[in-house]
Amino acid sequence: MSHLQDRVRASLQASRRWHIAEIVFWLIALGSFWAFPRHLLLMNEIAILALFALSLDLILGFAGIVSLGHAAFLGLGAYAAGLLAKNGMGDPVLGLVFAMVVSGFAGLLSSPLIVKGNDLTRLMVTLGVVLILHEIANSWASLTGGADGLQGITINPVLGLFAFDLFGKTAYLYSLSVLFVLFLVARRMMNSPFGLSLRAIRDNQLRAAASGVPPSQRLALAYTIAAAYAGAAGALLAQTSQFVSLDVLDFHRSADVMLVLIIGGPGYLYGGMIGAVVFKFLQDTIAAFTPQYWMFWIGLFLVLFVLRGRSLIHGGVKLFMTRLPWLSGRGRS
Amino acid sequence: MAIRRQVLKGALGLSLAAALGSAAFAQDAAKVGLILPMTGPFASTGKQIDAAVKLFLAQNGAVFGGKKIEIILKDDTGNADTTRRLAQELVVNDKVAVLAGFGLTPLALAAAQVATQAKVPEVVMAAATATITEASPYIVRTSFTLPQASEPMADWALKNNIKKVFTVVTDYGPGIDAETSFANKFKAGGGTVESVRVPLRNPDFAPFLQRASEAKPDALFVFVPSGIGAQFMKQFVERGLDKAGVKLIGPGDVVDDDILESIGDVAIGAITTHHYSVAHDSAANKAFVTAFKAANGGMRPNFMAVAGYDGMRVIAEALKKTNGNTDGDALVAAMKGLSLESPRGPILIDPDTRDIVQNIYVRKTEKKDGELFNVEFAIIPMVKDPVKAAKKQ
């Protein structure tokens, strides 16, 4: 038994070690700040979408919970951060924490709906929750501004030092920092016994339960954490655009983030981020060429991609890891 | 290693090309960032304004005050976050002198902060909530405001023996504006009003029209955004409201010229108040309509097109006045008080509010030579936005 424990511990420790490719990934993300000064605003949106997709990855990729209503927590976070700032507390970090608490709490409250039931009921329940929230936000116009959106948000400088500028410099670095910190936390969590137990539940809930993992608790915890992450993405969205519209609770947000995760590949934490880069980049380039018909091309790309090309990105990542062993930390040791 | 080097080279080349591209033409061009919903449920607004802007430049040349106007068209899909990002990118990357377009109220409001911060004029060519021009001192509007078009309707209804009105409006800024301005004026004149609001997204009018028909009003007052009118009219007839003798009244958005033909004969008899009809009887309008149809495969211009056309003209006149100075404050100052003869009749940019002052026409939808038109039969001259006028008093 102790031998097995040692093996598990060793394996977890190995997966915690940093691969060179990961370091390169984050250096590129940071380097883009200087390399593409014209596209900071777009990159800011990518970072936010990446965080949102990371949040979905925690429940879909690791715990196997499908959701068509993940925008519920994005929207809650956005409105929480927006309303806090509108009522005079414009500190971005405070707003971020507040949004995470609000969304996390909502995740905890709604987790009983998710823990029980199969994939189909989960899809319906999550979709229902976001529809309800959308209608509340629409009808409660005195609080949320209804369909006109939440106006008059002023966000103070980050840490009292860096004011949000028109170029999006502060916005991108702020969003990237938040993404990085939350990614570190997620990485540590998923490479811990907790993460391992989630994967066990995803692969076979009965067997996991039989080997002493309490599935309901673990799933509820994962759902709560993911909700808080989505809330953080919402807060970033509200703070960097200083505006919240009903659109944050729209169905297409939930659908987009699922697409993003499918493009990048679920279950290894980087999928959401790679997917976000590909998705936004495509959308922006094609829309710049043809403002009228870009949706057609996006649609065509997605169909072809899901049919054929998915292995391109995923295969490419694998190839990068295996064919270039000198790049890999393990190769050297 | 080789792969990495190539990627680096590619990235370098890309950013270099981008930098060069933005440097060229920076001197004698005045760029106008045109942000419109070109896809999604409000694509018809974008299509009309885009076509009108192109027509204006084709007719008048693009050089004003020594500057060549260059249009950069962006699609915001009717999504406010995107509008804001595009506005910011246009200001920062493309150094636009003017932001223009803005199909819906939330979209115009989302860009207001950018306009203020960057000191760039924001010419609103569509969005019609009264308060928009107060969101930034750089906003100038060439479309209309809903209270401007709705209050005259109340006067007309009172004069024409309509006592009880049921209002159906889309539940967002302009709809609420239309409802409140109409209801207040109508109640003040002794009428009674019952109101319902329909959600902006995925509108289904059936349950609301059911309630309307149960209320048995003399008239149904309706506001829906441009492009949605066909759906409404179809359900209005399906519910038998026309046969029950309920008059259809409202600001002209529901019988939008662009979709009037697809609404069909059910629209005949609707009484609306609005600032533009394709049937407006003037030489300027006839020339505009003919040229617009010729350039767009027979598509009729609607009130969105005329606002886009006049919006471009306001930008052009301002450039002429400043002798090509593209400073935001100078441009806005030049736009204030501009008085023009538009295809819709005389218009004035109110120097106090930067909002448009224009004639409002009472029209009846009729069939003429096999085509449907909103035929004007009364004029209320040079109406100011009543909401801002009331605040001033």
# chains A, B, ... in the order shown; residues from 1 in each chain; ligands from 1
>>> residues_around(residues="Glu317 (chain B)", least_positions_apart="2", cutoff="12 Å", atoms="only C-alpha atoms", output="ChimeraX atom specification")
/B:60,62-67,69,310-315,319-325,331-340,349
>>> select_by_dssp(residues="region 3-251 of chain A", states="strand (DSSP E or B)", output="ChimeraX atom specification")
/A:150,158,162,244
>>> write_last_selection(atoms="N, CA, C and O atoms", output="mmCIF file, in the first residue's frame")
data_model
loop_
_atom_site.group_PDB
_atom_site.id
_atom_site.type_symbol
_atom_site.label_atom_id
_atom_site.label_comp_id
_atom_site.auth_asym_id
_atom_site.auth_seq_id
_atom_site.Cartn_x
_atom_site.Cartn_y
_atom_site.Cartn_z
ATOM 1 N N LEU A 150 -25.293 48.510 -17.912
ATOM 2 C CA LEU A 150 -24.931 49.205 -16.680
ATOM 3 C C LEU A 150 -23.980 50.348 -17.031
ATOM 4 O O LEU A 150 -22.860 50.122 -17.479
ATOM 5 N N VAL A 158 -5.169 50.194 -11.104
ATOM 6 C CA VAL A 158 -4.820 48.925 -10.485
ATOM 7 C C VAL A 158 -3.755 49.167 -9.415
ATOM 8 O O VAL A 158 -2.732 49.799 -9.687
ATOM 9 N N PHE A 162 -1.672 51.967 -11.698
ATOM 10 C CA PHE A 162 -1.793 51.887 -13.157
ATOM 11 C C PHE A 162 -3.228 52.171 -13.596
ATOM 12 O O PHE A 162 -4.100 51.339 -13.432
ATOM 13 N N VAL A 244 -21.185 47.064 -18.485
ATOM 14 C CA VAL A 244 -21.741 45.710 -18.472
ATOM 15 C C VAL A 244 -23.045 45.735 -19.252
ATOM 16 O O VAL A 244 -23.897 46.580 -18.991
#
>>> interface_residues(of="chain A", to="chain B", cutoff="6 Å", atoms="only C-alpha atoms", output="list of chain:residue names")
A:Arg38, A:Ala147, A:Asp148, A:Pro291, A:Gln292
>>> closest_residue(among="B:Lys286, B:Arg300, B:Arg239, B:His274", to="Phe377 (chain B)", atoms="only C-alpha atoms")
B:His274
>>> atom_distance(atom1="CA of Asp329 (chain B)", atom2="CA of Glu70 (chain B)")
19.9 Å
>>> closest_residue(among="A:Ala230, A:Met189, A:Leu94, A:Ile48", to="Asn156 (chain A)", atoms="only C-alpha atoms")
A:Leu94
